[in-house]
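Since the structure comes first, as C-alpha cells, the remarks are kept for the end.
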Amino acid sequence: MSRTHSDDSSNVTARVVLVGSPNVGKSVLFNRLTGRYVVVSNYPGTTVEVARGQARIGETVCEVIDTPGMYSLSPITEEERVARALLLREQPDVVIHVVDAKNLNRMLSLTLQLLEAGLPVVLLLNMMDEADRLHLYIDHRALAKRLGIPVIPASLISGRGVEELKNIVSEYLSARQNRDLSSAD
Amino acid sequence: MSANISPLDRIATYPPPIEEAVRAIEDLLSDGYTLSRRAIALLLLQHDEEIEGTVRRREGEERFALIAEHIHRAQAHYREPLGMVILAHRQRQAQAIAQEVVRHPLKTGSGIAEWVGRVCMQPLTGIPILLLVLYYGLYQFVGVFGGGTLVDWLENGLFGTYINPFVTLWVKRLIPFTPVQELFVGEYGIFTLGVTYAVALILPIVGTFFLMFSILEDSGYFPRLAMLIDRLFKKIGLNGRAVIPMVLGFGCDTMATMVTRILETPRERLIATFLLALAIPCSAQLGVIMALLASHPGALLIWALTLISVFLLIGWLTAKVLPGTPATFHIEIPPMRLPILSNVLTKTYARMHWYFREVFPLFILASVVIWLGQITGLFDLALHALTPVVRLMGLPDATASAFLFGFFRRDYGAAGLYHLQENGVLNGQQLLVTAVTLTLFLPCIAQFLMMKKERGLKTALTISAIIFPFAIAVGTVMSLILRLSGVEL
C-alpha cells in the first residue's frame, strides 16, 4: 500500500505521526482524528500497514499517519522497522506518542528516546478509564513538567481527551509557525 | 504548557564513558539527519545497522572509522554490549519518572475481569475454556446457527423459492438462446451459482464468524490464548508471538500472511507462512465446513484432529529442516474488556464489506470462466483429468467439480461440496476426506499473491508445489484407513 500523500494533499500543511507500542490505541485515535475507519482491536499487531488520512486540527489541515506498534527506536521486528523508517522519512511536525496509562513505567522509555531524538512529542495517556478503575492516580501535570512536553490524559474509546489533544496540537503548530516566521526575519 | 526546562534535563542521561563517546561522535556528525545528532550517536553506540549504513554513506569511511574508534573505546568499559547498557539506563530513568507521577493503590485490584483473564491462561482451566469457546462460539453459533439455520432460510427459502425461480423465468423469457441462459441461470450460472453462493451461503456463515471473532478479539481473549499455546508452539520452532497471525488466519489467511511481519526472524516468518497456507482454515472455509460436518459430529472431530496433527507435524518438521534458533517471546497482555457493541458491529461490518467486495466479483468471474470452459469443452477436460485423482481418494466423480472450484478459492470449493452433500451424493466418510483435502489446499489466489509479495515468488511457488500433492496424499491415506477400518461416520 504505497499510497503517498497525493490527491488533495496540496492544502496539507502539517504532518502528524502516531507512535506507540502495540495495542495502546493508535488506530482508535487515527479513526477519531480522520473519520476514516481502520480495524481496531484488543489484539496487538493489528496494524501492520501504514494508514494515512487527513484531519482538520484547528486551522490546519494535517496528514495523520498511523504506524505499526514499536517498543523502541531500535527495531527488532519488521513492523518496528517500518515504524521507524516512517519517522525518519516523514519529518513529522508533531509526534503523538500514545501510551497505556496503566503501564507507564514500561512506556516512558520510548518517550525519552523520542525526546532524545529531538522530535516534537506530545504524550497521550490513553486508557485513563481503566487506570481509574484500578485506582491508579497519575499526576499528568507533574509528568508534563518533568518531561517538558504536553501530556494529555485520555480515554480514546469514549472520545475523552481528543478535543484537548487537538487544541494542544493546534497550539503547537501555530507556535512553531510563528517561530519560523520570526526566525526568518 | 511548554515550560522553560533546559532540554538536557528532560531527556535520559548515561554514565560518563557513554556520554563522552556521544559528545565526541556528535562532533563528528554533520547536520541534516532527521533525528538529533545525540540520538544518532546513541544508535551508533547500539550498533544499529541501518543507521551505521546511513552515517557511513554521509560521512565517508574515514570519519566513520573515527566514530568506530570512539564506540570501541566506550565499549571497553563494559562487559555487556553497549546497547544493553544504554537500554538499561534509559529504562531505569523512565521507571523513576513513572514512579514519581503514578500513585499505586494499596492493594492491586483483583476484579472479576482480571480473574477471568488469569483463568484463561492456565492450562488446567484454559483448555476447557478454549473447548467451550470452540463449541459454543464456533460450532453452535457459526456452524449450526449461521451455516444451518440462516443458510437454510436464505438459500432454500429466499433464493430457492422466490428469487431464483423468478430470475430464471425472466431470463428465459427475455433471452431465447440456451447457452446464454446457461451463463446466467444454468447449473453454474452467474446468478444461480455465483450470486446464490455469495449471498445465501457465504454471507451468513462469514457474517456469524466475523461477529464471533470480533467479540473474542475485543474481549482480550486472543493474547491469553497466545500465552496458553506458547509452550506448544515452541516445540515447533515458533514462539507464542506466532499465535497472533495464526489466530488471525482463522479470520483470513491472506491478512494473516501479511501479519507474519511481526515475527522477528525470517525463519519464523517462513514457517508461519507455510503453516497458514497449509493447515489454518480461513473463516469462510471454517464456516462452510462447520455447516457441512455439523450433521456428522464424528467426522468433524476427526477433521479437527487431522488438521491439528498436520499442523504440529509439519511445523515440527519445518523447524527441523530450517536452521536457526527460536526467538524470545513477549506479548502485551491487555486487560479483559467487555466488548463495546458498536465497535464490534462496525468491525464485523467492515470485515464483511471487505470480504464481500473481494469474493463477489471472483464468484461471478468463476461462473463466467466455468461457462466458457463448458462451451469450449475445457471444463469437462479438466474434470476428466481430475477424475482419477478423485477416485484415488475413494470419492464419487461428482466431487471433481468441487475440487476444481477449490483451486479458485477453498471456500468456493467447500461451498460446492455443500451442494453435493445437500443432494446426498456423499456419505460421511467421503465428506470427511473431501473436507480435509480441501482445507489443506491453498486458500485462494489472493493468498498466493500475498505470499509472493511477502516471501518472494520462489518461496510462494515452492510452498504451493508442496501443498497440493500433500493435500491429495493425506486425502488418499485417510480414505484408505477409513475404508479399511469400516468406520461409519
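By order of appearance in the C-alpha cells: chains A, B, ..., then residues from 1 within every chain, and ligands from 1 in the order shown.
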At most 6 Å is the cut-off: for each residue in chain A with any atom that close to an atom of chain B, write down the nearest atom pair and the distance in Å rounded to one decimal, counting only C-alpha atoms, chain first then increasing number, as JSON lines.
{"residue": "A:Ser41", "atom": "CA", "partner": "B:Asp218", "partner_atom": "CA", "distance": 5.4}
{"residue": "A:Asn42", "atom": "CA", "partner": "B:Asp218", "partner_atom": "CA", "distance": 4.6}
{"residue": "A:Thr77", "atom": "CA", "partner": "B:Glu264", "partner_atom": "CA", "distance": 4.7}
{"residue": "A:Glu78", "atom": "CA", "partner": "B:Arg261", "partner_atom": "CA", "distance": 5.4}
{"residue": "A:Glu79", "atom": "CA", "partner": "B:Ile262", "partner_atom": "CA", "distance": 5.6}
{"residue": "A:Leu88", "atom": "CA", "partner": "B:Thr34", "partner_atom": "CA", "distance": 5.7}
{"residue": "A:Leu104", "atom": "CA", "partner": "B:Ala98", "partner_atom": "CA", "distance": 5.9}
{"residue": "A:Asn105", "atom": "CA", "partner": "B:Gln95", "partner_atom": "CA", "distance": 4.6}
{"residue": "A:Leu108", "atom": "CA", "partner": "B:Ala94", "partner_atom": "CA", "distance": 5.1}
{"residue": "A:Ser109", "atom": "CA", "partner": "B:Ala94", "partner_atom": "CA", "distance": 5.0}
{"residue": "A:Leu112", "atom": "CA", "partner": "B:Ile11", "partner_atom": "CA", "distance": 5.7}
{"residue": "A:Glu116", "atom": "CA", "partner": "B:Ala39", "partner_atom": "CA", "distance": 5.8}
{"residue": "A:Ala117", "atom": "CA", "partner": "B:Ser36", "partner_atom": "CA", "distance": 4.7}
{"residue": "A:Gly118", "atom": "CA", "partner": "B:Ser36", "partner_atom": "CA", "distance": 5.2}
{"residue": "A:Leu134", "atom": "CA", "partner": "B:Gly109", "partner_atom": "CA", "distance": 5.8}
{"residue": "A:His135", "atom": "CA", "partner": "B:Pro105", "partner_atom": "CA", "distance": 5.7}
{"residue": "A:Leu136", "atom": "CA", "partner": "B:His104", "partner_atom": "CA", "distance": 5.1}
{"residue": "A:Tyr137", "atom": "CA", "partner": "B:Arg103", "partner_atom": "CA", "distance": 5.0}
{"residue": "A:Ile138", "atom": "CA", "partner": "B:Val102", "partner_atom": "CA", "distance": 4.5}
{"residue": "A:Asp139", "atom": "CA", "partner": "B:Val101", "partner_atom": "CA", "distance": 5.0}
{"residue": "A:Leu147", "atom": "CA", "partner": "B:Arg10", "partner_atom": "CA", "distance": 4.9}
{"residue": "A:Gly148", "atom": "CA", "partner": "B:Ser2", "partner_atom": "CA", "distance": 5.9}
{"residue": "A:Ile149", "atom": "CA", "partner": "B:Ser2", "partner_atom": "CA", "distance": 5.9}
With C-alpha atoms retained, write the just-selected residues as a compact mmCIF listing (two decimals), in the first residue's frame.
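New file part27.txt:
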# COMPACT_ATOMS: atom_id res chain seq x y z
CA SER A 41 -8.96 -4.49 18.16
CA ASN A 42 -7.83 -5.56 21.58
CA THR A 77 10.72 -6.83 14.25
CA GLU A 78 9.72 -5.93 10.73
CA GLU A 79 6.82 -3.78 11.92
CA LEU A 88 12.92 9.05 9.77
CA LEU A 104 3.50 3.96 32.28
CA ASN A 105 6.73 2.56 33.66
CA LEU A 108 8.09 6.12 29.09
CA SER A 109 11.33 4.67 27.80
CA LEU A 112 12.58 9.50 26.45
CA GLU A 116 16.39 12.32 22.81
CA ALA A 117 15.91 12.24 19.06
CA GLY A 118 14.75 15.84 19.17
CA LEU A 134 -7.55 0.20 39.05
CA HIS A 135 -7.37 3.24 41.35
CA LEU A 136 -4.12 4.33 39.77
CA TYR A 137 -3.62 8.02 40.26
CA ILE A 138 -1.47 9.61 37.56
CA ASP A 139 -0.24 13.16 38.04
CA LEU A 147 9.33 15.94 30.55
CA GLY A 148 8.76 19.46 29.31
CA ILE A 149 6.12 18.38 26.83
(request) List every residue of chain A that DSSP, applied to the backbone, labels as strand (DSSP E), and write the result as JSON, numbers by chain. (result) {"A": [14, 15, 16, 17, 18, 19, 51, 52, 53, 54, 55, 56, 57, 60, 61, 62, 63, 64, 65, 66, 94, 95, 96, 97, 98, 99, 100, 121, 122, 123, 124, 125, 126, 137, 138, 151, 152, 153]}
With N, CA, C and O atoms retained, write the just-selected residues as a short mmCIF file (atom, residue, chain, number, x, y, z; two decimals), in the first residue's frame.
data_model
loop_
_atom_site.label_atom_id
_atom_site.label_comp_id
_atom_site.auth_asym_id
_atom_site.auth_seq_id
_atom_site.Cartn_x
_atom_site.Cartn_y
_atom_site.Cartn_z
N ALA A 14 0.74 20.29 7.59
CA ALA A 14 1.47 19.71 8.70
C ALA A 14 1.31 18.20 8.70
O ALA A 14 0.35 17.67 8.15
N ARG A 15 2.25 17.55 9.30
CA ARG A 15 2.21 16.09 9.31
C ARG A 15 2.26 15.61 10.75
O ARG A 15 3.14 15.96 11.51
N VAL A 16 1.28 14.80 11.10
CA VAL A 16 1.18 14.29 12.47
C VAL A 16 1.37 12.77 12.42
O VAL A 16 0.68 12.08 11.68
N VAL A 17 2.33 12.26 13.19
CA VAL A 17 2.58 10.83 13.19
C VAL A 17 2.22 10.25 14.56
O VAL A 17 2.57 10.81 15.59
N LEU A 18 1.46 9.15 14.53
CA LEU A 18 1.08 8.48 15.78
C LEU A 18 2.03 7.32 16.03
O LEU A 18 2.20 6.47 15.17
N VAL A 19 2.66 7.30 17.21
CA VAL A 19 3.53 6.17 17.52
C VAL A 19 3.19 5.62 18.89
O VAL A 19 2.49 6.25 19.68
N ALA A 51 -1.35 3.47 7.76
CA ALA A 51 -2.58 4.11 7.30
C ALA A 51 -2.39 5.62 7.30
O ALA A 51 -1.80 6.17 8.22
N ARG A 52 -2.88 6.26 6.25
CA ARG A 52 -2.79 7.71 6.18
C ARG A 52 -4.17 8.30 6.02
O ARG A 52 -5.02 7.75 5.35
N GLY A 53 -4.37 9.45 6.62
CA GLY A 53 -5.65 10.11 6.46
C GLY A 53 -5.47 11.59 6.73
O GLY A 53 -4.38 12.04 7.08
N GLN A 54 -6.56 12.34 6.54
CA GLN A 54 -6.45 13.77 6.77
C GLN A 54 -7.34 14.20 7.92
O GLN A 54 -8.39 13.63 8.16
N ALA A 55 -6.91 15.22 8.62
CA ALA A 55 -7.71 15.75 9.71
C ALA A 55 -7.55 17.26 9.74
O ALA A 55 -6.47 17.77 9.45
N ARG A 56 -8.65 17.93 10.11
CA ARG A 56 -8.52 19.37 10.32
C ARG A 56 -8.30 19.58 11.80
O ARG A 56 -9.13 19.23 12.62
N ILE A 57 -7.15 20.12 12.14
CA ILE A 57 -6.86 20.40 13.53
C ILE A 57 -6.69 21.90 13.67
O ILE A 57 -5.72 22.47 13.16
N THR A 60 -5.45 24.11 10.73
CA THR A 60 -4.51 23.40 9.87
C THR A 60 -5.10 22.09 9.35
O THR A 60 -5.72 21.34 10.10
N VAL A 61 -4.88 21.85 8.07
CA VAL A 61 -5.21 20.54 7.53
C VAL A 61 -3.98 19.66 7.71
O VAL A 61 -2.91 19.96 7.19
N CYS A 62 -4.11 18.60 8.47
CA CYS A 62 -2.95 17.76 8.77
C CYS A 62 -3.07 16.42 8.06
O CYS A 62 -4.17 15.89 7.90
N GLU A 63 -1.93 15.89 7.69
CA GLU A 63 -1.91 14.50 7.28
C GLU A 63 -1.59 13.69 8.53
O GLU A 63 -0.62 13.97 9.23
N VAL A 64 -2.46 12.72 8.83
CA VAL A 64 -2.26 11.90 10.02
C VAL A 64 -1.77 10.53 9.57
O VAL A 64 -2.32 9.92 8.67
N ILE A 65 -0.71 10.05 10.20
CA ILE A 65 -0.13 8.77 9.81
C ILE A 65 -0.12 7.83 11.01
O ILE A 65 0.41 8.15 12.07
N ASP A 66 -0.78 6.69 10.83
CA ASP A 66 -0.85 5.67 11.87
C ASP A 66 0.28 4.68 11.61
O ASP A 66 0.47 4.23 10.49
N VAL A 94 4.47 16.98 14.31
CA VAL A 94 4.13 16.58 15.68
C VAL A 94 4.14 15.06 15.73
O VAL A 94 3.62 14.40 14.83
N VAL A 95 4.75 14.52 16.78
CA VAL A 95 4.69 13.09 17.01
C VAL A 95 3.82 12.88 18.24
O VAL A 95 4.11 13.39 19.31
N ILE A 96 2.71 12.16 18.06
CA ILE A 96 1.87 11.87 19.22
C ILE A 96 2.23 10.48 19.72
O ILE A 96 2.03 9.49 19.04
N HIS A 97 2.81 10.46 20.91
CA HIS A 97 3.16 9.17 21.50
C HIS A 97 1.98 8.71 22.34
O HIS A 97 1.66 9.30 23.36
N VAL A 98 1.32 7.65 21.87
CA VAL A 98 0.17 7.13 22.59
C VAL A 98 0.64 6.04 23.53
O VAL A 98 1.34 5.11 23.11
N VAL A 99 0.30 6.16 24.81
CA VAL A 99 0.72 5.13 25.77
C VAL A 99 -0.47 4.62 26.56
O VAL A 99 -1.51 5.27 26.66
N ASP A 100 -0.28 3.45 27.12
CA ASP A 100 -1.26 2.87 28.02
C ASP A 100 -0.94 3.40 29.41
O ASP A 100 0.09 3.07 30.00
N VAL A 121 7.35 15.98 20.53
CA VAL A 121 6.49 14.92 21.06
C VAL A 121 5.35 15.49 21.91
O VAL A 121 5.55 16.42 22.69
N VAL A 122 4.17 14.93 21.71
CA VAL A 122 3.05 15.14 22.62
C VAL A 122 2.70 13.77 23.18
O VAL A 122 2.61 12.80 22.45
N LEU A 123 2.55 13.71 24.51
CA LEU A 123 2.29 12.41 25.13
C LEU A 123 0.81 12.27 25.45
O LEU A 123 0.23 13.13 26.11
N LEU A 124 0.21 11.19 24.95
CA LEU A 124 -1.21 10.97 25.19
C LEU A 124 -1.36 9.76 26.12
O LEU A 124 -1.02 8.64 25.73
N LEU A 125 -1.86 10.00 27.32
CA LEU A 125 -2.06 8.90 28.26
C LEU A 125 -3.43 8.29 28.00
O LEU A 125 -4.44 8.78 28.49
N ASN A 126 -3.45 7.23 27.24
CA ASN A 126 -4.73 6.60 26.91
C ASN A 126 -5.14 5.61 28.00
O ASN A 126 -4.34 5.26 28.85
N TYR A 137 -3.54 6.57 40.41
CA TYR A 137 -3.62 8.02 40.26
C TYR A 137 -2.39 8.50 39.49
O TYR A 137 -1.25 8.25 39.91
N ILE A 138 -2.60 9.16 38.37
CA ILE A 138 -1.47 9.61 37.56
C ILE A 138 -1.45 11.13 37.51
O ILE A 138 -2.40 11.76 37.05
N VAL A 151 1.22 16.78 28.13
CA VAL A 151 0.76 15.43 28.46
C VAL A 151 -0.75 15.49 28.62
O VAL A 151 -1.26 16.32 29.36
N ILE A 152 -1.46 14.62 27.87
CA ILE A 152 -2.92 14.70 27.87
C ILE A 152 -3.52 13.38 28.34
O ILE A 152 -3.28 12.34 27.72
N PRO A 153 -4.30 13.41 29.41
CA PRO A 153 -5.00 12.19 29.82
C PRO A 153 -6.18 11.95 28.89
O PRO A 153 -6.86 12.89 28.51
#
(request) Show which residues sit within 8 Å of Val82 of chain A, as a ChimeraX atom specification. Count only C-alpha atoms, and ignore same-chain residues fewer than 4 positions away. (result) /A:67-68,78,86
Those same residues, written as a PDB file, in the first residue's frame with N, CA and C atoms?
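Full text of again_5.pdb as output:
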ATOM      1  N   THR A  67       1.056   4.351  12.628  1.00  0.00           N
ATOM      2  CA  THR A  67       2.188   3.443  12.411  1.00  0.00           C
ATOM      3  C   THR A  67       1.958   2.118  13.120  1.00  0.00           C
ATOM      4  N   PRO A  68       2.622   1.053  12.661  1.00  0.00           N
ATOM      5  CA  PRO A  68       2.584  -0.200  13.405  1.00  0.00           C
ATOM      6  C   PRO A  68       3.259   0.017  14.761  1.00  0.00           C
ATOM      7  N   GLU A  78       9.988  -6.598  11.996  1.00  0.00           N
ATOM      8  CA  GLU A  78       9.720  -5.929  10.726  1.00  0.00           C
ATOM      9  C   GLU A  78       8.808  -4.715  10.915  1.00  0.00           C
ATOM     10  N   LEU A  86       9.457   5.210   8.920  1.00  0.00           N
ATOM     11  CA  LEU A  86       8.458   6.244   8.699  1.00  0.00           C
ATOM     12  C   LEU A  86       8.803   7.529   9.435  1.00  0.00           C
TER      13      LEU A  86
END
(request) Apply DSSP to the structure's backbone, then extract all residues of chain A labelled alpha helix (DSSP H) and return them as a PyMOL selection string. (result) chain A and resi 26-34+78-90+104-116+128-133+140-147+162-184
(message) Env of segment 365-380 of chain B: 7 Å cut, atoms = only C-alpha atoms, seq-sep filter 3 positions within chain, self excluded. Answer as a VMD selection string.
(response) chain B and resid 183 188 to 190 194 361 to 362 383 to 384
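What separates atom CA of Thr254 of chain B from atom CA of Ala400 of chain B is a distance of 25.4 Å.
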(message) Just checking: using only C-alpha atoms, which residue out of A:Ser72, A:Met128, A:Arg106, A:Pro120 ends up closest to Val169 of chain A?
(response)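 Of all the options, A:Pro120 lies closest to Val169 of chain A.
Within 12 Å of Val359 of chain B, once only C-alpha atoms are used and residues closer than 3 positions along the same chain are dropped, the contacting residues are B:Gly194, B:Val195, B:Tyr197, B:Ala198, B:Val199, B:Ile202, B:Leu203, B:Val206, B:Ala284, B:Met352, B:His353, B:Trp354, B:Tyr355, B:Phe356, B:Leu362, B:Phe363, B:Ile364, B:Leu365, B:Ala366, B:Phe408, B:Arg409, B:Arg410, B:Asp411, B:Tyr412, B:Cys444, B:Ile445, B:Ala446.
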(message) Excluding Phe274 of chain B and its own-chain neighbours fewer than 5 positions away, which residues fall within 9 Å of it when counting only C-alpha atoms? Please give them as an MDAnalysis selection string.
(response) chainID B and resid 269 279 315 318 460 463 467
Based on the selection just made, write all heavy atoms of those residues as a PDB file, in the first residue's frame.
ATOM      1  N   ARG B 269       9.060 -16.364  10.031  1.00  0.00           N
ATOM      2  CA  ARG B 269       8.079 -15.856   9.069  1.00  0.00           C
ATOM      3  C   ARG B 269       7.763 -16.920   8.027  1.00  0.00           C
ATOM      4  O   ARG B 269       6.614 -17.105   7.640  1.00  0.00           O
ATOM      5  CB  ARG B 269       8.617 -14.596   8.390  1.00  0.00           C
ATOM      6  CG  ARG B 269       8.459 -13.373   9.262  1.00  0.00           C
ATOM      7  CD  ARG B 269       9.038 -12.146   8.617  1.00  0.00           C
ATOM      8  NE  ARG B 269       9.922 -11.485   9.559  1.00  0.00           N
ATOM      9  CZ  ARG B 269      11.003 -10.814   9.236  1.00  0.00           C
ATOM     10  NH1 ARG B 269      11.347 -10.684   7.968  1.00  0.00           N
ATOM     11  NH2 ARG B 269      11.745 -10.253  10.161  1.00  0.00           N
ATOM     12  N   ALA B 279      -2.445 -25.432   6.890  1.00  0.00           N
ATOM     13  CA  ALA B 279      -3.300 -26.074   7.894  1.00  0.00           C
ATOM     14  C   ALA B 279      -4.269 -25.161   8.626  1.00  0.00           C
ATOM     15  O   ALA B 279      -5.020 -25.632   9.462  1.00  0.00           O
ATOM     16  CB  ALA B 279      -2.419 -26.795   8.916  1.00  0.00           C
ATOM     17  N   GLY B 315       4.816 -28.376  11.227  1.00  0.00           N
ATOM     18  CA  GLY B 315       5.534 -27.315  11.933  1.00  0.00           C
ATOM     19  C   GLY B 315       6.840 -27.841  12.512  1.00  0.00           C
ATOM     20  O   GLY B 315       7.902 -27.237  12.365  1.00  0.00           O
ATOM     21  N   THR B 318       9.305 -28.691   9.660  1.00  0.00           N
ATOM     22  CA  THR B 318       9.867 -27.481   9.039  1.00  0.00           C
ATOM     23  C   THR B 318      10.916 -26.870   9.953  1.00  0.00           C
ATOM     24  O   THR B 318      11.963 -26.419   9.520  1.00  0.00           O
ATOM     25  CB  THR B 318       8.772 -26.427   8.777  1.00  0.00           C
ATOM     26  OG1 THR B 318       7.562 -27.100   8.524  1.00  0.00           O
ATOM     27  CG2 THR B 318       9.126 -25.557   7.613  1.00  0.00           C
ATOM     28  N   ALA B 460       6.836 -18.779  -2.713  1.00  0.00           N
ATOM     29  CA  ALA B 460       5.399 -18.975  -2.908  1.00  0.00           C
ATOM     30  C   ALA B 460       5.138 -20.195  -3.784  1.00  0.00           C
ATOM     31  O   ALA B 460       4.274 -21.017  -3.490  1.00  0.00           O
ATOM     32  CB  ALA B 460       4.776 -17.729  -3.527  1.00  0.00           C
ATOM     33  N   ILE B 463       6.066 -23.433  -1.843  1.00  0.00           N
ATOM     34  CA  ILE B 463       5.030 -23.773  -0.864  1.00  0.00           C
ATOM     35  C   ILE B 463       3.831 -24.406  -1.566  1.00  0.00           C
ATOM     36  O   ILE B 463       3.334 -25.454  -1.158  1.00  0.00           O
ATOM     37  CB  ILE B 463       4.604 -22.514  -0.063  1.00  0.00           C
ATOM     38  CG1 ILE B 463       5.735 -22.118   0.894  1.00  0.00           C
ATOM     39  CG2 ILE B 463       3.309 -22.775   0.700  1.00  0.00           C
ATOM     40  CD1 ILE B 463       5.452 -20.881   1.705  1.00  0.00           C
ATOM     41  N   ILE B 467       2.172 -28.136  -1.184  1.00  0.00           N
ATOM     42  CA  ILE B 467       0.842 -28.255  -0.593  1.00  0.00           C
ATOM     43  C   ILE B 467      -0.112 -29.135  -1.407  1.00  0.00           C
ATOM     44  O   ILE B 467      -0.781 -30.006  -0.852  1.00  0.00           O
ATOM     45  CB  ILE B 467       0.232 -26.851  -0.373  1.00  0.00           C
ATOM     46  CG1 ILE B 467       0.890 -26.223   0.851  1.00  0.00           C
ATOM     47  CG2 ILE B 467      -1.274 -26.924  -0.200  1.00  0.00           C
ATOM     48  CD1 ILE B 467       0.422 -24.838   1.146  1.00  0.00           C
TER      49      ILE B 467
END
(request) Rank B:Glu19, B:Tyr418, B:Val433, B:Phe191 by their smallest atom-to-atom distance to Met478 of chain B, using only C-alpha atoms, and report the top residue only. (result) B:Val433
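Between Val85 of chain B and the candidates B:Ile18, B:Leu322, B:Ile127, B:Ala113, the tightest atom-to-atom separation, counting only C-alpha atoms, involves B:Ile18.
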